[in-house]
Structure formats: structure tokens, C-alpha cells
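Colleague: Coordinates in model.csv, CSV, C-alpha atoms, are listed below.
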```csv
chain,number,residue,atom,x,y,z
L,257,SER,CA,137.5,-89.1,197.1
L,258,ASP,CA,136.6,-86.9,194.1
L,259,LEU,CA,139.2,-84.3,195.1
L,260,ASP,CA,141.9,-87.1,195.4
L,261,GLU,CA,141.0,-88.2,191.8
L,262,ILE,CA,141.2,-84.7,190.5
L,263,ARG,CA,144.6,-84.1,192.1
L,264,PHE,CA,146.1,-87.2,190.4
L,265,ALA,CA,144.5,-86.3,187.1
L,266,LYS,CA,146.2,-82.9,186.9
L,267,ASP,CA,149.5,-84.4,186.0
L,268,ARG,CA,148.2,-85.5,182.6
L,269,LEU,CA,148.2,-81.9,181.5
L,270,PHE,CA,151.9,-81.4,182.3
L,271,SER,CA,153.9,-84.2,180.9
L,272,ASP,CA,156.6,-82.5,178.8
L,273,ILE,CA,158.3,-80.3,181.4
L,274,SER,CA,162.1,-80.9,181.4
L,275,GLY,CA,163.4,-82.2,184.7
L,276,LEU,CA,160.0,-82.9,186.2
L,277,GLU,CA,158.9,-86.6,186.4
L,278,LYS,CA,155.7,-88.0,187.8
L,279,ILE,CA,156.3,-90.9,190.3
L,280,VAL,CA,153.6,-93.5,190.7
L,281,VAL,CA,153.2,-94.6,194.3
L,282,ASP,CA,150.8,-97.1,195.9
L,283,ASP,CA,149.8,-98.1,199.4
L,284,SER,CA,152.7,-100.6,199.7
L,285,VAL,CA,155.0,-97.7,200.6
L,286,LYS,CA,152.8,-96.2,203.3
L,287,ASP,CA,154.5,-97.9,206.1
L,288,VAL,CA,158.2,-97.0,206.8
L,289,GLY,CA,160.0,-98.8,209.6
L,290,GLY,CA,161.6,-96.6,212.2
L,291,LEU,CA,161.9,-92.8,211.8
L,292,GLU,CA,159.5,-92.2,214.6
L,293,GLY,CA,160.5,-88.6,215.1
L,294,LEU,CA,160.0,-87.8,211.5
L,295,ARG,CA,156.7,-89.6,211.3
L,296,LYS,CA,155.3,-87.7,214.3
L,297,TRP,CA,156.3,-84.4,212.8
L,298,LEU,CA,154.7,-85.3,209.5
L,299,ASN,CA,151.5,-86.3,211.2
L,300,GLU,CA,151.2,-82.9,212.8
L,301,LYS,CA,151.8,-81.1,209.5
L,302,LYS,CA,149.3,-83.3,207.7
L,303,GLU,CA,146.6,-81.8,209.9
L,304,LEU,CA,147.4,-78.4,208.3
L,305,LEU,CA,146.2,-79.7,205.0
L,306,THR,CA,142.5,-79.9,206.0
L,307,PRO,CA,140.2,-77.1,204.7
L,308,GLU,CA,139.5,-75.8,208.2
L,309,LYS,CA,143.2,-75.5,209.1
L,310,LYS,CA,144.1,-74.0,205.7
L,311,ASP,CA,141.5,-71.3,206.3
L,312,MET,CA,143.1,-70.6,209.8
L,313,LEU,CA,146.5,-70.4,208.3
L,314,ARG,CA,145.3,-67.9,205.7
L,315,GLU,CA,143.6,-65.7,208.3
L,316,LYS,CA,146.9,-65.5,210.3
L,317,GLY,CA,149.0,-64.8,207.2
L,318,LEU,CA,150.9,-68.1,207.5
L,319,HIS,CA,152.2,-70.2,204.7
L,320,PRO,CA,151.3,-73.8,204.3
L,321,PRO,CA,154.1,-76.2,205.2
L,322,ARG,CA,157.0,-75.6,202.8
L,323,GLY,CA,159.0,-78.9,203.1
L,324,ILE,CA,161.8,-80.8,204.7
L,325,LEU,CA,165.4,-81.5,204.0
L,326,LEU,CA,166.5,-85.1,204.8
L,327,VAL,CA,170.2,-85.7,205.1
L,328,GLY,CA,172.2,-88.6,206.5
L,329,VAL,CA,173.5,-92.1,205.9
L,330,PRO,CA,172.8,-93.5,202.3
L,331,GLY,CA,170.3,-96.3,202.2
L,332,CYS,CA,168.4,-95.5,205.4
L,333,GLY,CA,165.0,-94.4,204.0
L,334,LYS,CA,165.3,-90.8,202.8
L,335,SER,CA,163.9,-91.5,199.3
L,336,LEU,CA,161.4,-94.0,200.6
L,337,SER,CA,160.1,-91.3,203.0
L,338,ALA,CA,159.2,-89.1,200.1
L,339,LYS,CA,157.1,-91.8,198.6
L,340,SER,CA,155.6,-92.6,202.0
L,341,ILE,CA,154.5,-89.0,202.5
L,342,SER,CA,152.8,-89.0,199.0
L,343,ALA,CA,150.9,-92.2,199.8
L,344,ASN,CA,149.9,-91.2,203.3
L,345,TRP,CA,148.9,-87.6,202.4
L,346,LYS,CA,147.1,-88.8,199.2
L,347,LEU,CA,149.0,-86.3,197.1
L,348,PRO,CA,150.7,-86.9,193.7
L,349,LEU,CA,154.5,-87.1,193.8
L,350,TYR,CA,156.7,-85.3,191.3
L,351,ARG,CA,160.5,-85.8,191.2
L,352,LEU,CA,162.5,-82.7,190.2
L,353,ASP,CA,166.0,-83.5,188.8
L,354,PHE,CA,168.3,-80.5,188.9
L,355,ALA,CA,170.8,-82.2,186.6
L,356,THR,CA,168.2,-82.7,183.9
L,357,VAL,CA,167.0,-79.1,184.3
L,358,GLN,CA,170.4,-77.7,183.5
L,359,GLY,CA,170.7,-76.8,179.8
L,360,SER,CA,173.6,-76.0,177.5
L,361,TYR,CA,172.5,-72.5,176.5
L,362,VAL,CA,172.7,-69.2,178.3
L,363,GLY,CA,169.6,-68.8,180.5
L,364,GLN,CA,168.2,-72.2,179.6
L,365,SER,CA,168.8,-73.8,183.0
L,366,GLU,CA,167.1,-70.9,184.9
L,367,GLN,CA,164.1,-70.9,182.5
L,368,GLN,CA,163.6,-74.7,182.7
L,369,LEU,CA,163.8,-74.6,186.5
L,370,LYS,CA,161.2,-71.8,186.5
L,371,ASP,CA,159.0,-73.9,184.2
L,372,ALA,CA,159.3,-76.9,186.5
L,373,LEU,CA,158.5,-75.0,189.6
L,374,THR,CA,155.6,-73.2,188.0
L,375,THR,CA,154.2,-76.6,186.9
L,376,ALA,CA,154.5,-77.9,190.5
L,377,GLU,CA,152.3,-74.9,191.5
L,378,ASN,CA,149.8,-75.6,188.8
L,379,VAL,CA,149.4,-79.3,189.8
L,380,SER,CA,149.3,-78.4,193.5
L,381,PRO,CA,148.5,-79.7,196.1
L,382,CYS,CA,151.4,-82.1,195.5
L,383,ILE,CA,154.7,-83.4,196.9
L,384,LEU,CA,157.9,-82.2,195.1
L,385,TRP,CA,160.7,-84.6,195.6
L,386,ILE,CA,164.3,-83.5,194.9
L,387,ASP,CA,166.5,-86.5,195.3
L,388,GLU,CA,170.2,-86.0,196.0
L,389,ILE,CA,169.8,-82.2,195.8
L,390,GLU,CA,173.5,-81.7,196.4
L,391,LYS,CA,174.4,-83.2,193.0
L,392,GLY,CA,172.4,-80.6,191.1
L,393,LEU,CA,173.5,-77.6,193.2
L,394,SER,CA,177.1,-78.6,194.1
L,395,GLY,CA,178.5,-75.9,191.8
L,396,ALA,CA,177.2,-73.2,194.1
L,397,THR,CA,179.7,-74.2,196.8
L,398,GLY,CA,182.5,-72.8,194.7
L,399,GLY,CA,185.0,-74.1,192.2
L,400,ALA,CA,182.5,-75.0,189.5
L,401,ASN,CA,183.2,-73.8,186.0
L,402,ASP,CA,179.6,-73.2,185.0
L,403,GLY,CA,179.5,-69.4,184.8
L,404,GLY,CA,177.5,-69.1,188.0
L,405,VAL,CA,174.5,-71.1,186.8
L,406,SER,CA,174.4,-73.3,189.9
L,407,THR,CA,174.5,-70.2,192.2
L,408,ARG,CA,171.7,-68.5,190.3
L,409,MET,CA,169.6,-71.7,190.4
L,410,VAL,CA,170.1,-71.9,194.2
L,411,GLY,CA,168.9,-68.3,194.6
L,412,GLN,CA,166.0,-68.9,192.2
L,413,PHE,CA,164.9,-72.1,194.1
L,414,LEU,CA,165.1,-70.5,197.5
L,415,PHE,CA,163.2,-67.4,196.4
L,416,TRP,CA,160.5,-69.7,195.0
L,417,MET,CA,160.3,-71.6,198.3
L,418,GLN,CA,159.9,-68.4,200.2
L,419,GLU,CA,157.3,-66.8,198.0
L,420,CYS,CA,155.3,-69.9,196.9
L,421,LYS,CA,151.7,-69.6,198.1
L,422,LYS,CA,150.5,-72.9,196.7
L,423,GLN,CA,150.4,-76.2,198.6
L,424,VAL,CA,153.6,-77.7,197.2
L,425,PHE,CA,155.5,-79.6,199.9
L,426,VAL,CA,159.2,-80.1,199.1
L,427,VAL,CA,161.0,-83.2,200.2
L,428,ALA,CA,164.7,-82.7,199.4
L,429,THR,CA,167.2,-85.5,200.2
L,430,ALA,CA,171.0,-85.4,200.4
L,431,ASN,CA,173.8,-87.9,201.1
L,432,ASP,CA,177.0,-85.7,200.8
L,433,VAL,CA,176.2,-82.7,203.1
L,434,SER,CA,179.6,-81.2,202.4
L,435,MET,CA,178.4,-80.3,198.9
L,436,LEU,CA,175.3,-78.4,200.0
L,437,PRO,CA,175.5,-74.6,199.7
L,438,SER,CA,175.3,-73.0,203.1
L,439,GLU,CA,172.3,-70.8,202.2
L,440,LEU,CA,170.2,-73.9,201.6
L,441,LEU,CA,170.9,-75.0,205.3
L,442,ARG,CA,170.0,-71.7,206.9
L,443,ARG,CA,167.2,-71.9,209.5
L,444,GLY,CA,163.8,-71.1,207.9
L,445,ARG,CA,164.5,-72.2,204.4
L,446,PHE,CA,162.9,-75.6,205.1
L,447,ASP,CA,160.4,-76.2,207.9
L,448,GLU,CA,162.8,-78.7,209.4
L,449,LEU,CA,166.2,-80.4,208.7
L,450,PHE,CA,166.1,-84.1,209.7
L,451,PHE,CA,169.1,-86.4,210.0
L,452,VAL,CA,168.4,-90.1,209.0
L,453,ASP,CA,170.9,-92.3,210.8
L,454,LEU,CA,171.6,-96.1,210.8
L,455,PRO,CA,168.5,-97.8,212.2
L,456,THR,CA,168.5,-98.5,216.0
L,457,THR,CA,167.7,-101.9,217.5
L,458,ASP,CA,164.0,-101.1,217.8
L,459,GLU,CA,164.0,-99.7,214.2
L,460,ARG,CA,165.7,-102.7,212.8
L,461,LYS,CA,163.1,-104.9,214.5
L,462,GLU,CA,160.3,-102.8,212.9
L,463,ILE,CA,161.9,-102.8,209.5
L,464,LEU,CA,162.6,-106.5,209.4
L,465,ALA,CA,159.1,-107.3,210.6
L,466,LEU,CA,157.7,-105.3,207.6
L,467,TYR,CA,160.0,-107.0,205.1
L,468,PHE,CA,159.6,-110.6,206.5
L,469,LYS,CA,155.9,-110.2,206.2
L,470,LYS,CA,156.0,-108.6,202.8
L,471,TYR,CA,158.6,-110.8,201.0
L,472,LEU,CA,158.6,-114.1,203.0
L,473,SER,CA,155.1,-114.2,204.6
L,474,LEU,CA,156.8,-114.9,207.9
L,475,GLU,CA,156.3,-113.5,211.4
L,476,PHE,CA,159.4,-111.9,212.8
L,477,GLU,CA,159.4,-112.7,216.5
L,478,GLY,CA,161.0,-114.8,219.3
L,479,ASP,CA,164.7,-115.6,220.0
L,480,PHE,CA,165.3,-116.1,216.3
L,481,ALA,CA,164.3,-112.4,215.6
L,482,ASP,CA,166.5,-111.3,218.5
L,483,ASN,CA,169.5,-113.1,216.9
L,484,ILE,CA,168.9,-111.5,213.5
L,485,ILE,CA,168.6,-108.0,215.1
L,486,GLN,CA,172.0,-108.5,216.8
L,487,ILE,CA,173.6,-109.8,213.6
L,488,SER,CA,172.3,-106.8,211.7
L,489,ASP,CA,173.9,-104.2,213.9
L,490,GLY,CA,175.2,-101.5,211.5
L,491,PHE,CA,173.0,-102.5,208.6
L,492,THR,CA,171.2,-99.7,206.7
L,493,GLY,CA,167.5,-100.1,205.8
L,494,ALA,CA,168.6,-100.9,202.3
L,495,ASP,CA,170.9,-103.7,203.6
L,496,LEU,CA,168.0,-105.2,205.5
L,497,GLU,CA,165.6,-105.1,202.6
L,498,SER,CA,168.1,-106.4,200.1
L,499,THR,CA,169.0,-109.4,202.3
L,500,VAL,CA,165.3,-110.4,202.9
L,501,ARG,CA,164.4,-109.8,199.3
L,502,ASP,CA,167.3,-112.0,198.1
L,503,LEU,CA,166.0,-114.8,200.4
L,504,ALA,CA,162.6,-114.5,198.7
L,505,TYR,CA,164.2,-114.7,195.2
L,506,ARG,CA,166.2,-117.8,196.2
L,507,ALA,CA,163.1,-119.5,197.7
L,508,ILE,CA,161.1,-118.9,194.5
L,509,ALA,CA,164.0,-119.9,192.1
L,510,ASN,CA,165.1,-123.0,194.0
L,511,ASN,CA,162.5,-125.5,195.1
L,512,ASN,CA,165.0,-127.3,197.2
L,513,PHE,CA,165.9,-124.1,199.2
L,514,ILE,CA,164.3,-124.1,202.7
L,515,LEU,CA,163.6,-120.9,204.5
L,516,ASN,CA,164.7,-122.2,207.9
L,517,GLU,CA,166.5,-120.3,210.7
L,518,GLU,CA,169.9,-121.5,209.8
L,519,ASN,CA,169.7,-120.4,206.1
L,520,ILE,CA,168.2,-117.0,207.1
L,521,MET,CA,171.0,-116.3,209.7
L,522,THR,CA,173.6,-117.4,207.2
L,523,ALA,CA,172.3,-114.9,204.7
L,524,PHE,CA,172.6,-112.1,207.2
L,525,ASN,CA,176.1,-113.2,208.3
L,526,ASN,CA,177.3,-113.0,204.7
L,527,VAL,CA,176.4,-109.3,204.4
L,528,VAL,CA,179.1,-106.7,204.7
L,529,PRO,CA,177.2,-103.4,205.5
L,530,LEU,CA,178.1,-99.9,204.5
L,531,SER,CA,179.1,-99.1,208.1
L,532,GLN,CA,182.0,-101.6,207.7
L,533,THR,CA,183.1,-100.8,204.2
L,534,SER,CA,183.1,-97.0,204.8
L,535,PRO,CA,183.2,-96.4,208.5
L,536,GLU,CA,185.1,-93.1,208.2
L,537,LYS,CA,182.5,-91.8,205.8
L,538,ILE,CA,179.6,-92.8,208.1
L,539,GLU,CA,181.2,-91.2,211.2
L,540,SER,CA,181.9,-88.0,209.2
L,541,ILE,CA,178.2,-87.8,208.2
L,542,ARG,CA,177.1,-88.5,211.8
L,543,ASP,CA,179.4,-85.8,213.2
L,544,TRP,CA,177.8,-83.3,210.9
L,545,GLY,CA,174.3,-84.3,211.8
L,546,LYS,CA,174.8,-84.2,215.6
L,547,GLU,CA,175.2,-80.4,215.5
L,548,ARG,CA,173.0,-79.3,212.7
L,549,ALA,CA,169.9,-81.6,212.3
L,550,VAL,CA,167.0,-83.1,214.2
L,551,PRO,CA,167.2,-86.9,214.5
L,552,ALA,CA,164.6,-88.5,212.4
L,553,SER,CA,164.4,-91.5,214.8
L,554,GLY,CA,163.6,-89.2,217.7
L,555,LYS,CA,166.7,-90.4,219.5
L,556,PRO,CA,170.2,-89.0,219.8
L,557,ILE,CA,172.3,-89.4,216.6
L,558,GLY,CA,175.0,-92.1,216.8
L,559,GLY,CA,173.6,-93.8,219.9
L,560,GLU,CA,173.1,-97.1,218.2
L,561,GLY,CA,173.7,-98.8,214.9
L,562,LEU,CA,177.5,-98.9,215.2
L,563,VAL,CA,179.4,-102.0,214.2
L,564,HIS,CA,182.4,-102.3,216.6
L,565,LYS,CA,185.7,-103.2,215.1
L,566,GLN,CA,186.6,-106.9,215.2
L,567,SER,CA,189.9,-108.3,216.1
L,568,GLY,CA,189.9,-110.6,213.2
L,569,PRO,CA,188.2,-111.1,209.8
L,570,LYS,CA,184.5,-111.7,209.7
L,571,THR,CA,183.6,-115.4,209.5
L,572,ARG,CA,181.8,-116.3,206.2
L,573,LYS,CA,179.3,-119.0,205.5
L,574,VAL,CA,178.4,-120.2,202.1
L,575,LEU,CA,174.6,-120.5,201.4
L,576,VAL,CA,174.1,-123.9,199.9
```
Kindly present the structure from the file in C-alpha cells form.
Modeller:
Amino acid sequence: SDLDEIRFAKDRLFSDISGLEKIVVDDSVKDVGGLEGLRKWLNEKKELLTPEKKDMLREKGLHPPRGILLVGVPGCGKSLSAKSISANWKLPLYRLDFATVQGSYVGQSEQQLKDALTTAENVSPCILWIDEIEKGLSGATGGANDGGVSTRMVGQFLFWMQECKKQVFVVATANDVSMLPSELLRRGRFDELFFVDLPTTDERKEILALYFKKYLSLEFEGDFADNIIQISDGFTGADLESTVRDLAYRAIANNNFILNEENIMTAFNNVVPLSQTSPEKIESIRDWGKERAVPASGKPIGGEGLVHKQSGPKTRKVLV
């Protein structure tokens, strides 16, 4: 427990580094619904953080775990996973923003990135979260008028990942995989590349059970739960949380609002998920993930979570 307190106290020494932000997490983000394949993989890597296993790694000349790249459908738990890793591993979480790191002067971007990465080493062991990494490095894919800054930053970042001997576990997330430079996706850069898909039936049940208990203090079970799971086919994790959270807001704001099955089902029926508003985009992302990534759910990509096209417009009900 003393070591845990020391780890979290280190960040007070490094608060003025451009592009590096300390993210406060608590035990409420420990549990993430679904993503069984990713959770199993992380549990195995967590064992390598113990003093005994770290000594064994050192004896064999092995690096500690470098990190993971999470790609996939927006709103399905990539960013939440980074916070969950921090909470479960009891390591401080730092968010590196490549867009903020980039400066206006020659060499400034590279120097600020170097300072941020050096700081991450100084506060290690820690989790380094790079959210939407493609936005900061998209210039390296060609066509960017930045004088080669993005390309140099990619090379600098990849060299650091390869040579870093400190316990800095990188969690990078990306939505638009087409903007990622190819060298970032090469096998061996990250320990693993996971694809986060729309939640399956079992995952939706697990996610909804967590949010019903957290926001509504209700048990999610029985025929009612089965109906909600069927209605929510094609919902992202963010869609599920937002719907349940909005019900909680309404119950608190309106004393006459009753949290009964009819009102709850009406709320879910009124949601138009991302898989309906941008089906071509979702299918494009899935097609990419099938060939290049490990499914975070532990199940084949695209097997569930699809909303089939309807012959007519979706029926709407007004919540009153």
C-alpha cells in the first residue's frame, strides 16, 4: 500500500509538461462490461508486474509489457478500458495528447514529445493513455503540409517504445484506422492489437446489468431484461450507458416519472444507434478489423451486434 501511495504521489513533481495530463480514476471504473478476450489478456500481463516476475523478465532479457492498441467502433469502451486498466493495476494514468504536443516552431514538437515521454518514464510505473492517436499522427500517412513533423514524431515515438526499459504501459486508442501510419501497425510495435466491436448479446446483458445497478439501483433480469437486450441490438456501449443515465436524470428531475418497464422500454425504442445512422462506416471498420486485429470480445468480429435493415421507418414513442 505504501508503494501504491508513492506511485500516485510522483505526478505532483511533473505537472507542467505540455501534452501530458494526469487523469484521476477511482474504483467505479474497475468493472467493464464485455471485452472478455481483452480482460483475460490483461489479467495475464498483470502478473508480470509483480516483483518476482519482473526479476524473471530481467534475467531473460525481456522487456516488461509495452502496451496495446485498441481500434474499432466508436463508443464501445476503448477509452473506458484505459481507465479500467489503471484502476485494476493500481497505477497512475497519464493522457498524452499528440495534438497539444505539436508546437509552432522548428523542432518544438519533437522536443515536447521527448519531454512528455521522459516524464512518463520518471513517474513509472504508470499507464500512458494516447486517445485517438490517429488524429495526432495522421500527417505521417502522406499529404500533410507539416514539413515532415508528423513522420518524425511517429519515428520518435516508435523508437521510444522499443527502447524504453521502464514500466510504462501504453494504451493507444483509434477510431479511424485508415489514418494510422502503417509502421504503427507492424507486428511487434505493440504487444497486441485488439478490435473493439459492437457489444454482443451477452456483452449487452453484462453492460446493462452494471448500469442499471449503478444509475437506477435496479436488478437487470427476467423477461424484461431479455426484451431490452433484443431492442438494443446494434447499440454501442455509449448508447447503452446514455439511455440508462438519461432515465436516471428524468427520475430525479421529475417526481411524477415512474421507472416502470413500459417507460424504460420506450426510452430504448427512441434511441437511434450509431449502427443505424452510419452503417457503411461501421461495416468498413469491421472489415478492417477482421483481417488485422484480435477481437476484444474473444469472439469473431461482426458475428453479432448488427441491426438488420427494416422495411419501413422505425416506430417512435414519446416519453411522457
Colleague: Any chance you could tabulate, as a tab-separated table, the residues of stretch 446-558 of chain L at most 8 Å from stretch 331-346 of chain L with each one's nearest atom pair and distance in Å to one decimal, using only C-alpha atoms, in chain and rising number order?
Modeller:
```
residue	atom	partner	partner_atom	distance
L:Val452	CA	L:Cys332	CA	6.5
L:Asp453	CA	L:Cys332	CA	6.8
L:Leu454	CA	L:Cys332	CA	6.3
L:Pro455	CA	L:Cys332	CA	7.2
L:Thr492	CA	L:Cys332	CA	5.2
L:Gly493	CA	L:Cys332	CA	4.7
L:Ala494	CA	L:Gly331	CA	4.9
L:Asp495	CA	L:Gly331	CA	7.6
```
Colleague: Return the single residue from L:Ala376, L:Ala355, L:Leu393, L:Val288 that is closest to L:Val433, with distances computed using only C-alpha atoms.
Modeller: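 Answer, going by the shortest atom-to-atom distance: L:Leu393.
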Colleague: Within 8 Å of stretch 415-430 of chain L, counting all atoms listed in the file, which residues show up once you throw out same-chain ones fewer than 2 positions away? Write them as a PyMOL selection string, please.
Modeller: chain L and resi 319-328+334-335+338+373+376-377+380-390+411-413+432-433+445
Colleague: By how many Å are atom CA of L:Val550 and atom CA of L:Leu449 apart?
Modeller: 6.2 Å
Colleague: How would you write as a list in words the residues that get within 7 Å of (167.3, -114.3, 212.8) in the file's frame, counting all atoms listed in the file?
Modeller: Phe480, Ala481, Asp482, Asn483, Ile484, Ile485, Glu517, Ile520 and Met521 of chain L
Colleague: Which of these, L:Met409, L:Thr457, L:Gly444, L:Pro348, has the shortest distance to L:Glu261 once you count all atoms listed in the file?
Modeller: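 Closest to L:Glu261, using all atoms listed in the file: L:Pro348.
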